[in-house]
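All remarks here apply to the structure that follows.
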Amino acid sequence: MKVLESSGSAQAAMLRRGEISSLELVETHLARIGQVNPGLNAVVEVLRDSALAAARESDLRLARGEARPFEGVPFSVKDSIEVRGTVCSAGTLGYRNNPPSQRDATLVARLRDAGAIPIARTNLPDLLFAFESDNLIYGRTNNPFDPTRTSGGSSGGEAALIAAGGSPFGLGSDAAGSVRLPAHYCGIAALKPTSGRLPRTGHVPPAGGWIESLWQIGPMGRHVEDLEAMMEILSGPDGEDRTALPVPFAKPTQIRGIRVAYFTDNGILASDRATQAAVLHAAKALENAGAIVGEYRPPAVDRSYDLEMRFLGPDGGDGLWAFLKSIGSDRTHPLLGGWLEKLAQYRVDVAGFGALWSELDLFRSEMYAGLKRFDALLSPVAAFPAVPHGSSIREDIFPGYSYTMTHNLTGWPAAVVRAGTSPEGLPIGVQIAAGPWQDGMALALAAAIERASTFPG
């Protein structure tokens with residue numbers, strides 16, 4: 001089990017030292033998936049044959065001294081990101097019988113080129129629209145800490161598998177918190193990169209439309225060091241996604257002197273006591289590491305929920321309904337239906353849509369102005385730890401996801417790392433956002449919190 005608790009970077013080092021073969025490592029992860037997935041339902045497809053074949057090839061490379069950064073290390077992929085030779089369903093009925101993908105998504109290809117091996121495809125909500133991972137094709141994914149609770153969404157299968165040791169790291173995607181919330185619920189690390197940092201070629205559904213600036217594909221893993229290593233591999237344009245820019249990924253050389261503002265209440269829904277304690281623990285850890293830490297909430301933050309929901313639904317959800325109909329999704333999961341019902345109340349006319357764009361520009365400007373006072377922003381990921389299945393859509397719970405929405409609106413990078421435990425024994429993550437293109441800073445701060453935190457399991 002010890003190897004399964006290690007980071008992917010540590011596993012790569014073990015492989016290079018000859019302590020384990022890639023074939024053994026992949027077989028160990030396949031066995032773990034077989035052990036945990038009946039209770040989790042995190043994996044929708046195990047890529048056994050192709051993973052074992054790739055492991056044998058990696059062992060030959062290792063023997064020749066030709067190891068690439070992640071040579072022979074397995075990874076997992078959310079079922080909205082294409083993997084060559086597999087069906088990418090995005091959890092929706094209209095895609096269930098699609099032909100297998102003819103090529104990898106850009107980020108999958110980059111991990112393959114670095115020697116990593118796709119081992120599993122993971123569960124998600126119907127067309128990615130829910131804060132729980134449940135759909136009409138594969139059913140629901142359970143939280144590895146409590147099967148009566150959700151693992152989050154939309155990258156909930158990915159988070160649950162990584163937390164349970166079935167994969168060291170993987171890929172998710174995030175338009176309202178979809179890599180960060182599952183990481184928080186399952187006690188792992190994740191990053192929503194700066195908008196435009198990573199190409200989204202090969203994601204289903206593809207980028208486009210007015211919400212394009214809100215979302216990114218992002219890395220997820222048990223350890224922050226893997227997120228840092230992945231970002232070095234994944235960053236940069238691919239010549240297909242026009243939004244992906246050639247901005248180098250870099251990390252600060254030290255934490256000392258970085259100005260960190262923190263808050264525990266975003267003015268929309270206050271976090272519970274255990275979550276507040278986790279944020280305060282993280283703030284103290286950063287202060288001890290040399291950061292300049294103070295309590296402060298930017299004045300724009302309390303508009304995050306209303307602005308994100310209005311920006312997602314200015315057409316009242318008609319475009320999403322039309323898209324579902326066009327691909328043959330004649331039935332939708334109740335959680336997706338609940339999202340669409342919420343969006344219906346945000347319909348505006350053309351003039352209203354123009355005014356909405358102006359509000360978003362103002363929000364971004366006000367948040368950016370805050371960088372004169374701080375370099376990074378520490379906050380809850382959500383107002384509470386993992387909730388029972390089916391409850392995420394409730395009116396008393398749903399606004400609690402607004403903490404992540406803030407940084408979909410800004411486009412800033414935002415990392416998540418575990419910093420606490422609830423009275424029920426559930427993990428609690430914290431969110432660290434930094435200014436545009438400062439992904440490395442967000443991860444460096446997350447790593448400092450990780451070093452100061454110890455949790456069982």
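We label chains A, B, ... in the order they appear in the structure tokens, count residues from 1 in each chain, and number ligands from 1 in the order shown.
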Legend entry - Near-region 335-342 of chain A list (10 Å; only C-alpha atoms; drop same-chain fewer than 6 positions) as a PyMOL selection string: chain A and resi 125-135+309-310+313+316-318+320-321+390-395+398
Inset, instruction - Run DSSP on the backbone and give me the residues of region 137-355 of chain A it puts in helix (DSSP H, G or I), as a ChimeraX atom specification. - result: /A:156-163,180-186,212-214,224-234,273-288,301-312,318-327,334-344,350-355
Report the closest atom pair, with its distance in Å rounded to one decimal, for each residue of region 225-264 of chain A that has an atom no farther than 8 Å from region 426-439 of chain A; count only C-alpha atoms, sort by chain and then rising residue number, and write it as a Markdown table.
```
| residue | atom | partner | partner_atom | distance |
| --- | --- | --- | --- | --- |
| A:Val247 | CA | A:Trp437 | CA | 7.5 |
| A:Phe249 | CA | A:Asp439 | CA | 7.3 |
| A:Ala250 | CA | A:Asp439 | CA | 7.7 |
| A:Lys251 | CA | A:Asp439 | CA | 7.7 |
```
So that I have them on file, write out the residues from the current selection with C-alpha atoms, as an mmCIF file, in the first residue's frame.
```cif
data_model
loop_
_atom_site.group_PDB
_atom_site.id
_atom_site.type_symbol
_atom_site.label_atom_id
_atom_site.label_comp_id
_atom_site.auth_asym_id
_atom_site.auth_seq_id
_atom_site.Cartn_x
_atom_site.Cartn_y
_atom_site.Cartn_z
ATOM 1 C CA VAL A 247 3.093 31.970 -20.840
ATOM 2 C CA PHE A 249 5.000 28.247 -15.830
ATOM 3 C CA ALA A 250 7.211 29.372 -12.947
ATOM 4 C CA LYS A 251 7.268 29.119 -9.147
#
```
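CA of Glu45 (chain A) to CA of Val87 (chain A) spans 9.3 Å [interatomic distance, one decimal].
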Legend entry - Residue with smallest distance to Ala189 (chain A) - pool A:Ile449, A:Ala53, A:Phe323, A:Leu4, counting only C-alpha atoms: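 Distance minimum relative to Ala189 (chain A) lands on A:Ile449.
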Legend entry - Spatial neighbours of region 30-37 of chain A, 7 Å, only C-alpha atoms, chain gap at least 4 places, as a PyMOL selection string: chain A and resi 26+41-43+165-166
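Closest approach to Arg451 (chain A) among A:Ala282, A:Leu377, A:Leu312, A:Ala175 is made by A:Ala282 (distances from only C-alpha atoms).
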Inset, instruction - Extract, using only C-alpha atoms, all DNA, RNA and protein residues at most 9 Å from region 9-24 of chain A, discarding same-chain residues fewer than 6 positions from it, and format them as a list in words. - result: Val3, Ala51, Leu52, Ala53, Ala54, Ala55, Arg56, Glu57, Ser58, Asp59, Leu62, Ala63, Gly65, Ala67, Pro69, Phe70, Glu71, Gly72, Val73, Pro74, Pro168, Glu225, Asp226 and Ala229 of chain A
Proximity of region 306-336 of chain A to region 90-105 of chain A: per-residue shortest pair, 7 Å limit, only C-alpha atoms, as a tab-separated table:
```
residue	atom	partner	partner_atom	distance
A:Ile327	CA	A:Gly94	CA	4.9
A:Gly328	CA	A:Gly94	CA	4.2
A:Ser329	CA	A:Gly94	CA	4.1
```
Residues from the last selection, N, CA and C atoms, saved as a PDB file, in the first residue's frame:
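Once written, result_16.pdb looks like this:
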```pdb
ATOM      1  N   ILE A 327     -27.671  16.360 -29.396  1.00  0.00           N
ATOM      2  CA  ILE A 327     -26.823  15.170 -29.288  1.00  0.00           C
ATOM      3  C   ILE A 327     -27.628  13.923 -28.921  1.00  0.00           C
ATOM      4  N   GLY A 328     -28.931  14.082 -28.742  1.00  0.00           N
ATOM      5  CA  GLY A 328     -29.776  12.922 -28.480  1.00  0.00           C
ATOM      6  C   GLY A 328     -29.950  12.569 -27.021  1.00  0.00           C
ATOM      7  N   SER A 329     -29.652  13.497 -26.132  1.00  0.00           N
ATOM      8  CA  SER A 329     -29.906  13.250 -24.704  1.00  0.00           C
ATOM      9  C   SER A 329     -31.377  13.557 -24.427  1.00  0.00           C
TER      10      SER A 329
END
```
